[in-house]
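With mmCIF, C-alpha atoms inside, this is structure_18.cif:
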```cif
data_start
#
loop_
_atom_site.label_atom_id
_atom_site.label_comp_id
_atom_site.auth_asym_id
_atom_site.auth_seq_id
_atom_site.Cartn_x
_atom_site.Cartn_y
_atom_site.Cartn_z
CA MET B 11 94.51 89.57 106.17
CA ASP B 12 93.31 89.24 102.58
CA ARG B 13 96.58 87.73 101.34
CA ILE B 14 98.39 84.41 101.33
CA GLU B 15 101.95 83.24 100.71
CA ILE B 16 102.43 80.34 98.31
CA ASN B 17 105.65 78.39 97.77
CA LYS B 18 106.71 76.00 95.06
CA ALA B 19 105.14 72.58 95.56
CA LYS B 20 107.29 69.43 95.60
CA ARG B 21 104.22 67.25 95.24
CA PHE B 22 100.49 67.44 94.58
CA LYS B 23 98.68 64.36 95.81
CA GLY B 24 95.35 63.33 97.24
CA GLU B 25 91.68 63.21 96.43
CA PHE B 26 88.67 65.43 97.09
CA SER B 27 85.24 66.36 95.80
CA PRO B 28 84.93 69.86 94.38
CA PRO B 29 82.26 72.23 95.65
CA PRO B 30 78.82 71.96 94.03
CA ASP B 31 78.44 73.51 90.60
CA LYS B 32 77.72 77.23 90.82
CA SER B 33 75.80 77.47 87.54
CA ILE B 34 73.57 74.51 88.36
CA SER B 35 73.01 75.80 91.90
CA HIS B 36 71.67 79.13 90.59
CA ARG B 37 69.28 77.39 88.22
CA ALA B 38 68.07 74.94 90.84
CA VAL B 39 67.04 77.82 93.11
CA ILE B 40 65.46 79.85 90.31
CA LEU B 41 63.40 77.04 88.78
CA SER B 42 62.37 75.66 92.19
CA SER B 43 61.15 79.14 93.17
CA LEU B 44 59.13 79.44 89.96
CA SER B 45 57.52 76.03 90.42
CA LYS B 46 54.38 75.16 92.34
CA GLY B 47 55.00 73.07 95.42
CA LYS B 48 58.07 71.87 97.27
CA SER B 49 61.46 71.21 95.69
CA VAL B 50 64.40 69.60 97.47
CA VAL B 51 67.84 70.71 96.28
CA ARG B 52 70.72 68.57 97.50
CA ASN B 53 74.39 69.55 97.41
CA LEU B 54 73.62 73.22 96.71
CA LEU B 55 76.66 75.50 96.65
CA LYS B 56 76.53 77.79 99.72
CA ALA B 57 78.99 80.32 98.30
CA GLU B 58 78.29 84.03 97.91
CA ASP B 59 76.88 84.00 94.36
CA PRO B 60 74.17 81.35 94.83
CA VAL B 61 73.31 82.89 98.21
CA SER B 62 72.61 86.14 96.31
CA THR B 63 70.08 84.21 94.22
CA ILE B 64 68.52 82.66 97.34
CA ASN B 65 68.20 86.07 99.00
CA ALA B 66 66.71 87.57 95.85
CA PHE B 67 63.89 85.03 95.76
CA ARG B 68 63.29 85.37 99.47
CA ALA B 69 62.82 89.09 98.77
CA LEU B 70 60.26 88.06 96.14
CA GLY B 71 58.22 86.11 98.67
CA VAL B 72 59.62 82.59 98.26
CA GLU B 73 60.21 80.54 101.42
CA ILE B 74 63.60 78.82 101.25
CA ASP B 75 64.80 76.67 104.15
CA ASP B 76 68.47 75.77 104.49
CA ARG B 77 68.68 72.41 106.26
CA GLY B 78 72.36 71.77 105.71
CA GLU B 79 72.59 68.90 103.22
CA GLU B 80 69.25 69.90 101.74
CA VAL B 81 67.69 73.20 100.76
CA ILE B 82 63.89 73.14 100.69
CA VAL B 83 62.25 75.61 98.30
CA HIS B 84 58.53 76.23 98.65
CA GLY B 85 57.85 77.43 95.12
CA LYS B 86 55.22 80.02 94.30
CA GLY B 87 54.69 79.22 90.61
CA ILE B 88 55.62 81.49 87.72
CA HIS B 89 52.84 83.93 88.66
CA GLY B 90 53.24 83.73 92.44
CA LEU B 91 56.13 86.11 93.14
CA THR B 92 55.39 89.27 95.11
CA GLU B 93 56.72 92.78 94.67
CA PRO B 94 59.92 93.34 96.70
CA THR B 95 59.86 96.07 99.34
CA ASP B 96 63.43 97.14 98.62
CA VAL B 97 66.09 97.08 95.91
CA ILE B 98 67.36 93.53 95.29
CA ASP B 99 71.11 93.22 95.84
CA CYS B 100 72.64 90.63 93.48
CA GLY B 101 76.09 90.98 95.05
CA ASN B 102 78.80 89.98 92.58
CA SER B 103 76.60 87.58 90.62
CA GLY B 104 76.12 88.25 86.93
CA THR B 105 74.02 85.09 86.68
CA THR B 106 71.61 86.38 89.32
CA ILE B 107 71.05 89.81 87.83
CA ARG B 108 70.72 88.63 84.22
CA MET B 109 68.46 85.63 84.83
CA LEU B 110 66.31 87.61 87.28
CA SER B 111 65.87 90.28 84.62
CA GLY B 112 64.16 87.68 82.46
CA VAL B 113 61.95 86.46 85.31
CA LEU B 114 60.91 89.88 86.58
CA SER B 115 60.11 91.20 83.11
CA GLY B 116 57.07 88.89 83.13
CA ASN B 117 55.84 89.71 86.65
CA PRO B 118 53.35 92.57 87.08
CA PHE B 119 55.19 94.72 89.60
CA PHE B 120 58.10 97.12 90.00
CA SER B 121 61.58 95.93 90.94
CA VAL B 122 65.15 97.21 90.92
CA LEU B 123 68.26 95.03 90.67
CA THR B 124 71.75 96.16 91.63
CA GLY B 125 75.01 94.68 92.93
CA ASP B 126 78.50 95.42 94.15
CA GLU B 127 80.96 97.76 92.43
CA SER B 128 82.15 95.04 90.07
CA LEU B 129 78.65 93.95 89.06
CA ARG B 130 77.63 97.54 88.36
CA LYS B 131 80.27 97.55 85.60
CA ARG B 132 78.95 94.39 83.91
CA PRO B 133 77.15 94.92 80.57
CA MET B 134 73.37 94.53 80.64
CA ALA B 135 72.33 95.73 77.18
CA ARG B 136 72.84 92.22 75.78
CA VAL B 137 69.96 91.09 78.04
CA ILE B 138 67.86 94.25 78.05
CA ASN B 139 67.65 94.66 74.25
CA PRO B 140 66.11 91.24 73.48
CA LEU B 141 63.84 91.51 76.53
CA LYS B 142 62.53 94.81 75.13
CA GLU B 143 61.78 92.97 71.87
CA MET B 144 59.57 90.69 74.00
CA GLY B 145 57.71 93.75 75.32
CA ALA B 146 59.55 94.17 78.60
CA ARG B 147 59.61 97.59 80.24
CA ILE B 148 63.16 97.50 81.49
CA SER B 149 65.90 100.10 81.71
CA ALA B 150 69.35 100.53 83.19
CA ARG B 151 72.01 103.12 83.91
CA ALA B 152 74.04 104.74 81.11
CA GLU B 153 71.49 104.13 78.34
CA ASP B 154 70.70 100.57 79.40
CA ARG B 155 74.32 99.50 79.60
CA TYR B 156 74.99 98.95 83.32
CA PRO B 157 73.17 98.17 86.60
CA PRO B 158 71.12 99.19 88.51
CA VAL B 159 68.28 97.77 86.41
CA ALA B 160 64.68 98.94 86.84
CA ILE B 161 61.80 96.72 85.69
CA ILE B 162 58.06 97.30 85.46
CA GLY B 163 56.94 93.76 84.67
CA GLY B 164 53.97 92.85 82.55
CA LYS B 165 52.74 90.98 79.51
CA LEU B 166 55.43 89.53 77.21
CA TRP B 167 55.18 88.09 73.73
CA PRO B 168 57.32 85.38 72.09
CA VAL B 169 60.17 86.22 69.75
CA GLU B 170 62.62 84.53 67.44
CA TYR B 171 65.98 85.88 68.56
CA SER B 172 69.43 85.23 67.12
CA MET B 173 72.08 85.97 69.71
CA PRO B 174 75.07 87.95 68.35
CA VAL B 175 77.36 86.46 71.03
CA ALA B 176 77.01 83.07 72.72
CA SER B 177 76.09 83.58 76.38
CA ALA B 178 74.42 81.07 78.68
CA GLN B 179 73.27 83.87 80.99
CA VAL B 180 71.53 85.77 78.19
CA LYS B 181 70.05 82.59 76.71
CA SER B 182 68.74 81.55 80.13
CA ALA B 183 67.26 84.99 80.81
CA LEU B 184 65.31 84.79 77.55
CA LEU B 185 64.16 81.22 78.21
CA LEU B 186 62.85 82.30 81.61
CA ALA B 187 61.10 85.29 80.06
CA GLY B 188 59.67 82.86 77.51
CA LEU B 189 57.80 81.10 80.31
CA TYR B 190 55.65 84.26 80.56
CA ALA B 191 55.04 84.73 76.82
CA GLU B 192 52.03 83.13 75.14
CA GLY B 193 53.33 81.02 72.31
CA GLN B 194 56.78 79.74 71.44
CA THR B 195 60.01 81.67 72.03
CA GLU B 196 62.95 80.63 69.86
CA ILE B 197 66.59 81.45 70.64
CA ARG B 198 69.44 80.72 68.28
CA GLU B 199 73.11 80.83 69.31
CA PRO B 200 76.17 81.36 67.09
CA VAL B 201 78.06 78.75 69.13
CA LYS B 202 76.78 76.34 71.77
CA SER B 203 77.01 77.78 75.29
CA ARG B 204 76.48 75.86 78.53
CA ASP B 205 73.10 74.17 78.54
CA HIS B 206 72.26 73.64 82.22
CA THR B 207 69.00 75.58 81.92
CA GLU B 208 67.79 73.50 78.97
CA ARG B 209 68.69 70.29 80.81
CA MET B 210 66.93 71.28 84.04
CA LEU B 211 63.72 72.87 82.75
CA PRO B 212 62.08 69.58 81.61
CA ALA B 213 62.45 68.13 85.14
CA PHE B 214 60.07 70.88 86.31
CA GLY B 215 57.61 70.23 83.47
CA ALA B 216 58.60 72.94 80.99
CA LYS B 217 57.93 72.35 77.29
CA ILE B 218 61.34 72.93 75.75
CA THR B 219 63.11 71.49 72.71
CA THR B 220 66.69 71.80 71.50
CA GLU B 221 67.76 71.32 67.91
CA GLY B 222 71.40 72.09 67.19
CA LEU B 223 72.01 75.73 68.09
CA CYS B 224 68.29 76.49 68.38
CA VAL B 225 66.27 76.29 71.62
CA ARG B 226 62.48 76.70 71.77
CA ILE B 227 60.28 77.07 74.85
CA LYS B 228 56.48 77.18 75.12
CA GLY B 229 55.07 79.90 77.35
CA GLY B 230 52.20 79.69 79.79
CA VAL B 231 53.15 76.26 81.17
CA GLU B 232 53.14 75.95 84.95
CA LEU B 233 56.21 74.35 86.53
CA THR B 234 56.00 71.72 89.27
CA GLY B 235 58.46 71.25 92.11
CA THR B 236 60.91 68.34 91.98
CA ASP B 237 64.15 67.10 93.54
CA ILE B 238 67.53 68.19 92.18
CA HIS B 239 71.01 66.92 93.11
CA VAL B 240 73.74 69.37 92.10
CA ALA B 241 76.87 67.88 90.50
CA GLY B 242 80.41 68.86 91.48
CA ASP B 243 81.77 71.96 89.75
CA PHE B 244 84.09 71.29 86.81
CA SER B 245 85.33 74.88 86.82
CA SER B 246 86.54 74.41 90.41
CA ALA B 247 88.13 71.07 89.57
CA ALA B 248 89.95 72.67 86.63
CA PHE B 249 92.52 74.41 88.84
CA PHE B 250 93.56 71.11 90.39
CA ILE B 251 93.64 69.33 87.04
CA VAL B 252 96.09 71.90 85.66
CA GLY B 253 98.04 71.93 88.92
CA ALA B 254 98.48 68.17 88.77
CA LEU B 255 99.68 68.32 85.16
CA LEU B 256 102.28 71.01 85.93
CA ILE B 257 103.67 69.81 89.28
CA ARG B 258 106.01 66.82 89.28
CA ASN B 259 105.16 63.89 91.56
CA SER B 260 101.45 64.62 91.24
CA ASP B 261 98.69 62.05 91.53
CA ILE B 262 95.19 63.36 92.22
CA THR B 263 91.62 62.08 92.01
CA ILE B 264 88.65 64.43 91.92
CA ARG B 265 85.32 62.79 92.71
CA ASN B 266 81.81 63.54 91.44
CA VAL B 267 82.77 66.16 88.84
CA GLY B 268 80.19 67.42 86.36
CA ILE B 269 81.44 66.73 82.81
CA ASN B 270 78.74 68.48 80.80
CA PRO B 271 80.30 68.80 77.30
CA THR B 272 79.34 72.49 77.12
CA ARG B 273 81.61 73.06 80.14
CA THR B 274 84.65 70.84 79.55
CA GLY B 275 86.41 72.62 76.70
CA LEU B 276 89.50 72.81 78.92
CA LEU B 277 89.88 69.02 78.69
CA GLY B 278 89.91 69.23 74.89
CA ALA B 279 92.48 72.03 75.01
CA LEU B 280 94.71 70.09 77.43
CA GLU B 281 94.41 66.96 75.30
CA LYS B 282 95.61 68.96 72.27
CA MET B 283 98.52 70.14 74.42
CA GLY B 284 99.49 66.51 75.06
CA ALA B 285 98.00 65.99 78.52
CA LYS B 286 96.21 62.85 79.58
CA VAL B 287 93.25 63.12 81.92
CA GLU B 288 91.43 59.92 82.88
CA MET B 289 87.70 59.71 83.63
CA SER B 290 85.92 56.82 85.33
CA ASN B 291 82.61 55.99 87.03
CA ILE B 292 80.71 58.02 84.43
CA ARG B 293 77.03 58.41 85.32
CA HIS B 294 74.15 60.92 85.33
CA LEU B 295 72.91 63.06 88.20
CA SER B 296 69.70 65.09 87.73
CA GLY B 297 70.26 65.15 83.98
CA GLU B 298 73.95 66.08 84.16
CA PRO B 299 76.86 63.73 83.30
CA VAL B 300 79.24 63.16 86.23
CA ALA B 301 82.58 61.33 86.57
CA ASP B 302 85.66 60.85 88.72
CA ILE B 303 88.77 62.50 87.23
CA HIS B 304 92.32 61.22 87.73
CA CYS B 305 95.53 62.88 86.54
CA ARG B 306 99.26 62.66 87.16
CA GLY B 307 102.15 65.09 86.79
CA ASP B 308 103.89 63.42 83.88
CA ALA B 309 102.66 65.55 80.99
CA VAL B 310 104.94 67.26 78.48
CA LEU B 311 102.81 70.06 77.10
CA ARG B 312 103.02 71.71 73.69
CA ALA B 313 101.54 75.00 72.56
CA VAL B 314 98.13 75.12 70.88
CA GLU B 315 95.84 77.55 69.10
CA ILE B 316 92.49 78.20 70.77
CA LYS B 317 89.88 79.70 68.45
CA LYS B 318 86.68 81.66 68.98
CA ASP B 319 84.32 78.70 68.67
CA GLU B 320 86.16 76.89 71.49
CA ILE B 321 85.86 79.76 73.99
CA PRO B 322 82.27 79.28 75.27
CA ALA B 323 83.09 75.78 76.59
CA LEU B 324 86.13 77.03 78.55
CA ILE B 325 85.08 80.60 79.39
CA ASP B 326 85.66 80.13 83.13
CA GLU B 327 88.83 78.08 82.66
CA PHE B 328 90.66 80.74 80.63
CA PRO B 329 92.75 81.97 83.60
CA VAL B 330 94.12 78.54 84.51
CA LEU B 331 94.59 77.64 80.83
CA CYS B 332 96.89 80.69 80.64
CA VAL B 333 98.96 79.23 83.48
CA ALA B 334 99.21 75.91 81.63
CA ALA B 335 100.29 77.75 78.47
CA THR B 336 103.30 79.27 80.27
CA GLN B 337 104.64 75.71 80.64
CA ALA B 338 103.91 74.48 77.10
CA GLU B 339 106.63 74.31 74.45
CA GLY B 340 106.03 76.98 71.80
CA ILE B 341 103.55 79.86 71.53
CA THR B 342 99.96 79.34 72.59
CA THR B 343 97.42 81.75 71.10
CA ILE B 344 93.92 82.30 72.47
CA ARG B 345 91.67 84.45 70.29
CA GLY B 346 87.97 85.28 70.10
CA ALA B 347 87.76 85.71 73.87
CA GLY B 348 86.72 89.36 74.01
CA GLU B 349 83.81 88.41 76.30
CA LEU B 350 86.40 87.87 79.04
CA ARG B 351 87.02 91.60 79.31
CA VAL B 352 83.62 92.03 80.97
CA LYS B 353 83.63 89.22 83.54
CA GLU B 354 84.29 89.76 87.27
CA SER B 355 87.46 91.47 86.07
CA ASP B 356 89.00 92.08 82.65
CA ARG B 357 90.40 88.56 82.65
CA ILE B 358 92.55 89.08 79.57
CA LYS B 359 94.31 92.09 81.03
CA SER B 360 94.40 90.63 84.55
CA MET B 361 96.11 87.38 83.52
CA ALA B 362 98.58 89.17 81.24
CA THR B 363 99.48 91.65 83.99
CA GLU B 364 99.89 89.14 86.80
CA LEU B 365 101.72 86.41 84.88
CA ARG B 366 104.16 88.99 83.49
CA LYS B 367 105.07 89.87 87.08
CA MET B 368 106.15 86.24 87.45
CA GLY B 369 108.27 86.29 84.29
CA ALA B 370 105.84 85.05 81.65
CA ASP B 371 106.25 86.26 78.05
CA ILE B 372 102.76 87.40 77.00
CA GLU B 373 101.36 89.54 74.18
CA GLU B 374 97.90 90.96 74.76
CA PHE B 375 95.27 91.37 72.02
CA GLU B 376 91.83 92.92 72.20
CA ASP B 377 90.28 89.45 72.09
CA GLY B 378 92.92 87.26 73.69
CA LEU B 379 96.55 86.51 74.42
CA SER B 380 99.70 84.99 72.95
CA ILE B 381 101.77 83.15 75.57
CA LYS B 382 105.32 81.94 74.93
CA GLY B 383 106.44 78.83 76.82
CA ARG B 384 108.20 77.36 78.56
CA SER B 385 108.63 80.12 81.11
CA SER B 386 110.51 79.71 84.36
CA LEU B 387 108.08 81.48 86.64
CA ARG B 388 109.37 83.21 89.74
CA GLY B 389 107.56 84.26 92.88
CA ALA B 390 106.13 87.78 92.94
CA GLU B 391 103.45 89.92 94.57
CA VAL B 392 100.29 89.39 92.51
CA GLU B 393 96.66 90.50 92.68
CA SER B 394 93.33 88.74 92.25
CA HIS B 395 91.61 91.88 90.89
CA GLY B 396 88.64 90.83 93.03
CA ASP B 397 88.06 87.88 90.68
CA HIS B 398 87.75 84.39 92.16
CA ARG B 399 89.07 82.63 89.07
CA ILE B 400 92.08 84.94 88.78
CA ALA B 401 92.86 84.29 92.47
CA MET B 402 92.77 80.51 92.06
CA ALA B 403 94.73 80.53 88.79
CA MET B 404 97.48 82.66 90.31
CA ALA B 405 97.61 80.29 93.28
CA ILE B 406 98.36 77.43 90.86
CA ALA B 407 101.02 79.60 89.20
CA GLY B 408 102.54 80.14 92.64
CA LEU B 409 102.84 76.37 93.14
CA ILE B 410 105.12 76.05 90.08
CA ALA B 411 107.14 79.26 90.58
CA GLU B 412 110.56 79.49 92.21
CA GLY B 413 110.50 81.32 95.53
CA THR B 414 107.50 82.78 97.31
CA THR B 415 104.39 84.21 95.68
CA VAL B 416 102.28 86.65 97.70
CA LEU B 417 98.70 86.65 96.45
CA HIS B 418 96.51 89.61 97.46
CA GLY B 419 92.71 89.63 97.37
CA VAL B 420 92.26 85.96 98.25
CA GLY B 421 88.82 86.59 99.75
CA ALA B 422 87.45 86.59 96.20
CA VAL B 423 87.54 82.77 96.14
CA ASN B 424 84.52 82.70 98.45
CA ILE B 425 82.40 83.60 95.42
CA SER B 426 82.61 79.97 94.26
CA PHE B 427 85.08 77.86 96.27
CA PRO B 428 85.26 78.38 100.03
CA GLY B 429 88.02 76.12 101.33
CA PHE B 430 90.10 76.23 98.14
CA PHE B 431 93.33 77.20 99.89
CA GLU B 432 92.88 74.56 102.58
CA ILE B 433 92.70 71.83 99.92
CA VAL B 434 95.69 73.29 98.06
CA GLY B 435 97.70 73.32 101.28
CA ARG B 436 96.78 69.73 102.13
CA MET B 437 97.62 68.37 98.68
CA SER B 438 100.90 70.24 98.29
CA SER B 439 102.33 69.63 101.77
#
```

Mind turning the file's structure into structure tokens?
Amino acid sequence: MDRIEINKAKRFKGEFSPPPDKSISHRAVILSSLSKGKSVVRNLLKAEDPVSTINAFRALGVEIDDRGEEVIVHGKGIHGLTEPTDVIDCGNSGTTIRMLSGVLSGNPFFSVLTGDESLRKRPMARVINPLKEMGARISARAEDRYPPVAIIGGKLWPVEYSMPVASAQVKSALLLAGLYAEGQTEIREPVKSRDHTERMLPAFGAKITTEGLCVRIKGGVELTGTDIHVAGDFSSAAFFIVGALLIRNSDITIRNVGINPTRTGLLGALEKMGAKVEMSNIRHLSGEPVADIHCRGDAVLRAVEIKKDEIPALIDEFPVLCVAATQAEGITTIRGAGELRVKESDRIKSMATELRKMGADIEEFEDGLSIKGRSSLRGAEVESHGDHRIAMAMAIAGLIAEGTTVLHGVGAVNISFPGFFEIVGRMSS
């Protein structure tokens, strides 16, 4: 059954390593496929979203061998992909469909990208419009707004593009398209979004420079295969960090967590709330900073104000931050997060709806929420809305609520964190 019962936890103790980072896993597969020669990717996330990316490149003629601990990618080079014989199914993965749109715009053949019901509601114009400025022949359903996406690839030219909204997926799609454009493509962001693509491209030989909010890439440069080791996923660790801070008698250690500063805005928000999270054994892994994280359940949290420029660095942690806010003294406001209405679910509405069922006092805005703490949450029947991060956040809420919480739609966690509920059960028993 696609449901689970969760009871209030008396403790939260133990240590574990989170699953490999989903964002880095996507990029490792994409750049390895576009490189000449063999790449070895270690610790690749084998969840549904990265598998969609693997299957997409197999459909484009790339040989990818899964050998358990290692995934071997026999790259074809940026001009070596072949026309797919069928529509490419991107599943639930927005990263796959957006980044592939950039790649396929520069390849001289016809392709169609689609996905599941949720993905077919995700906005694509934000990628399609700048790609058209680069000369791409690309179109989508409902006047270029939603998948399926049809592409007749061909010659691209470089552009200087200022993004109206910070988005790592859009930025990455344009950087990948820039590989096919003769000259230099320049992308400017209003706020810094996650920079995994910029960090990884030089390892494959790309000519890319970053200066503040501006990224430039030189087209026409062949990529060469290399070895990549994927760091542990901070976004997956985030649920346990918040759980440990909210559950008394907690003491947890999370090993090998990626702490890229464009991803760890949650830590800054929790620090402002009065929490203390310790990091040790800080090091680098394939260009990404990594650490062990330790936290205890002795925090007294206070409400904070989260503003628009803080959202990109905690975009995936919004659901679990909402859970933390229900236990903070005062009123926490989160604004400038309108982008969250077009993720796997409308995360603003979903979190407001589900936490209210448990007794939280929440006001919903178009671009965020106001959450009054401290709330005494009570068990209820809640839904994941088919969204992996909503499912995991509501599981953490269930661990601090009185009585039993019944969470429906738990299968969504397989998008990024297979085994999540097993670890929760072990640490809370």

(request) Could you give me, as a list in words, the residues within 12 Å of B:Asn139, counting only C-alpha atoms and dropping anything in the same chain fewer than 5 positions from it? (result) Ser111, Gly112, Pro133, Met134, Met144, Gly145, Ala146, Arg147, Ile148, Ser149, Ala150, Glu153, Asp154, Arg155, Tyr171, Ser172, Met173, Pro174, Val180, Ala183 and Leu184 of chain B

(message) Would you pick out the contacts of stretch 242-251 of chain B at 8 Å or less, using only C-alpha atoms, so that residues sharing its chain but fewer than 6 positions from it are not included, and give the list as a ChimeraX atom specification?
(response) /B:27-32,264-269,273-274,276,300,305,326-327,330,402-403,406,426-427

Can you write just those residues out, C-alpha atoms, as a PDB file, in the frame of the given file?
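Generated output (part_1.pdb):
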```
ATOM      1  CA  SER B  27      85.240  66.360  95.800  1.00  0.00           C
ATOM      2  CA  PRO B  28      84.930  69.860  94.380  1.00  0.00           C
ATOM      3  CA  PRO B  29      82.260  72.230  95.650  1.00  0.00           C
ATOM      4  CA  PRO B  30      78.820  71.960  94.030  1.00  0.00           C
ATOM      5  CA  ASP B  31      78.440  73.510  90.600  1.00  0.00           C
ATOM      6  CA  LYS B  32      77.720  77.230  90.820  1.00  0.00           C
ATOM      7  CA  ILE B 264      88.650  64.430  91.920  1.00  0.00           C
ATOM      8  CA  ARG B 265      85.320  62.790  92.710  1.00  0.00           C
ATOM      9  CA  ASN B 266      81.810  63.540  91.440  1.00  0.00           C
ATOM     10  CA  VAL B 267      82.770  66.160  88.840  1.00  0.00           C
ATOM     11  CA  GLY B 268      80.190  67.420  86.360  1.00  0.00           C
ATOM     12  CA  ILE B 269      81.440  66.730  82.810  1.00  0.00           C
ATOM     13  CA  ARG B 273      81.610  73.060  80.140  1.00  0.00           C
ATOM     14  CA  THR B 274      84.650  70.840  79.550  1.00  0.00           C
ATOM     15  CA  LEU B 276      89.500  72.810  78.920  1.00  0.00           C
ATOM     16  CA  VAL B 300      79.240  63.160  86.230  1.00  0.00           C
ATOM     17  CA  CYS B 305      95.530  62.880  86.540  1.00  0.00           C
ATOM     18  CA  ASP B 326      85.660  80.130  83.130  1.00  0.00           C
ATOM     19  CA  GLU B 327      88.830  78.080  82.660  1.00  0.00           C
ATOM     20  CA  VAL B 330      94.120  78.540  84.510  1.00  0.00           C
ATOM     21  CA  MET B 402      92.770  80.510  92.060  1.00  0.00           C
ATOM     22  CA  ALA B 403      94.730  80.530  88.790  1.00  0.00           C
ATOM     23  CA  ILE B 406      98.360  77.430  90.860  1.00  0.00           C
ATOM     24  CA  SER B 426      82.610  79.970  94.260  1.00  0.00           C
ATOM     25  CA  PHE B 427      85.080  77.860  96.270  1.00  0.00           C
TER      26      PHE B 427
END
```

Could you list the residues chosen by the PyMOL selection byres ((chain B and resi 170) around 12) in this structure as a PDB file with C-alpha atoms, in the frame of the given file?
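File produced: selection_8.pdb:
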```
ATOM      1  CA  PRO B 140      66.110  91.240  73.480  1.00  0.00           C
ATOM      2  CA  LEU B 141      63.840  91.510  76.530  1.00  0.00           C
ATOM      3  CA  GLU B 143      61.780  92.970  71.870  1.00  0.00           C
ATOM      4  CA  MET B 144      59.570  90.690  74.000  1.00  0.00           C
ATOM      5  CA  TRP B 167      55.180  88.090  73.730  1.00  0.00           C
ATOM      6  CA  PRO B 168      57.320  85.380  72.090  1.00  0.00           C
ATOM      7  CA  VAL B 169      60.170  86.220  69.750  1.00  0.00           C
ATOM      8  CA  TYR B 171      65.980  85.880  68.560  1.00  0.00           C
ATOM      9  CA  SER B 172      69.430  85.230  67.120  1.00  0.00           C
ATOM     10  CA  MET B 173      72.080  85.970  69.710  1.00  0.00           C
ATOM     11  CA  LEU B 184      65.310  84.790  77.550  1.00  0.00           C
ATOM     12  CA  LEU B 185      64.160  81.220  78.210  1.00  0.00           C
ATOM     13  CA  GLY B 188      59.670  82.860  77.510  1.00  0.00           C
ATOM     14  CA  GLY B 193      53.330  81.020  72.310  1.00  0.00           C
ATOM     15  CA  GLN B 194      56.780  79.740  71.440  1.00  0.00           C
ATOM     16  CA  THR B 195      60.010  81.670  72.030  1.00  0.00           C
ATOM     17  CA  GLU B 196      62.950  80.630  69.860  1.00  0.00           C
ATOM     18  CA  ILE B 197      66.590  81.450  70.640  1.00  0.00           C
ATOM     19  CA  ARG B 198      69.440  80.720  68.280  1.00  0.00           C
ATOM     20  CA  GLU B 199      73.110  80.830  69.310  1.00  0.00           C
ATOM     21  CA  CYS B 224      68.290  76.490  68.380  1.00  0.00           C
ATOM     22  CA  VAL B 225      66.270  76.290  71.620  1.00  0.00           C
ATOM     23  CA  ARG B 226      62.480  76.700  71.770  1.00  0.00           C
ATOM     24  CA  ILE B 227      60.280  77.070  74.850  1.00  0.00           C
TER      25      ILE B 227
END
```

(message) Just the number, please: distance in Å from atom CA of B:Ile161 to atom CA of B:Thr234, one decimal.
(response) 25.9 Å

(message) For this structure, which residues satisfy the selection - the PyMOL selection byres ((chain B and resi 179) around 12) - when it is evaluated on the file as given? I want them as number ranges by chain.
(response) B: 33-34, 36-37, 103-112, 133-134, 136-137, 173, 175-178, 180-186, 203-208, 322, 353

(message) Going by the chain IDs and residue numbers used in this file, which residues fall under the PyMOL selection byres ((chain B and resi 258) around 9)? Write them as a ChimeraX atom specification.
(response) /B:19-22,254-257,259-260,306-308

So that all listed atoms of stretch 284-289 of chain B fit with 4 Å spare on each side, what axis-aligned box centre and edge lengths in Å, to one decimal, would you give as JSON?
```
{"center_x": 93.6, "center_y": 63.1, "center_z": 79.3, "size_x": 19.8, "size_y": 14.8, "size_z": 16.6}
```

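In this model, the gap between atom CA of B:Lys86 and atom CA of B:Ser45 comes to 6.0 Å.
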
For the interface of stretch 417-439 of chain B with stretch 59-73 of chain B (cut-off 12 Å, counting all atoms listed in the file), please tabulate each contacting residue of stretch 417-439 of chain B alongside its nearest pair of atoms and their separation in Å to one decimal, rows sorted by chain and increasing number, as a tab-separated table.
```
residue	atom	partner	partner_atom	distance
B:Ala422	CA	B:Asp59	CA	11.0
B:Val423	CA	B:Asp59	CA	10.9
B:Asn424	CA	B:Asp59	CA	8.8
B:Ile425	CA	B:Asp59	CA	5.6
B:Ser426	CA	B:Asp59	CA	7.0
B:Phe427	CA	B:Asp59	CA	10.4
B:Pro428	CA	B:Asp59	CA	11.6
```

Keeping C-alpha atoms for every residue in the selection just given, could you write it to a file as a compact mmCIF listing (two decimals), in the frame of the given file?
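Printed below is again-v8.txt as written:
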```txt
# COMPACT_ATOMS: atom_id res chain seq x y z
CA ALA B 422 87.45 86.59 96.20
CA VAL B 423 87.54 82.77 96.14
CA ASN B 424 84.52 82.70 98.45
CA ILE B 425 82.40 83.60 95.42
CA SER B 426 82.61 79.97 94.26
CA PHE B 427 85.08 77.86 96.27
CA PRO B 428 85.26 78.38 100.03
```

(request) Go ahead and find all residues with at least one atom no further than 8 Å from (103.0, 75.1, 72.4) in the file's coordinates, using only C-alpha atoms; report them as number ranges by chain. (result) B: 283, 311-314, 335, 338-342, 382-383

Serialized selection, C-alpha atoms, as an mmCIF file, in the frame of the given file:
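The resulting out_9.cif:
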```cif
data_model
loop_
_atom_site.group_PDB
_atom_site.id
_atom_site.type_symbol
_atom_site.label_atom_id
_atom_site.label_comp_id
_atom_site.auth_asym_id
_atom_site.auth_seq_id
_atom_site.Cartn_x
_atom_site.Cartn_y
_atom_site.Cartn_z
ATOM 1 C CA MET B 283 98.520 70.140 74.420
ATOM 2 C CA LEU B 311 102.810 70.060 77.100
ATOM 3 C CA ARG B 312 103.020 71.710 73.690
ATOM 4 C CA ALA B 313 101.540 75.000 72.560
ATOM 5 C CA VAL B 314 98.130 75.120 70.880
ATOM 6 C CA ALA B 335 100.290 77.750 78.470
ATOM 7 C CA ALA B 338 103.910 74.480 77.100
ATOM 8 C CA GLU B 339 106.630 74.310 74.450
ATOM 9 C CA GLY B 340 106.030 76.980 71.800
ATOM 10 C CA ILE B 341 103.550 79.860 71.530
ATOM 11 C CA THR B 342 99.960 79.340 72.590
ATOM 12 C CA LYS B 382 105.320 81.940 74.930
ATOM 13 C CA GLY B 383 106.440 78.830 76.820
#
```
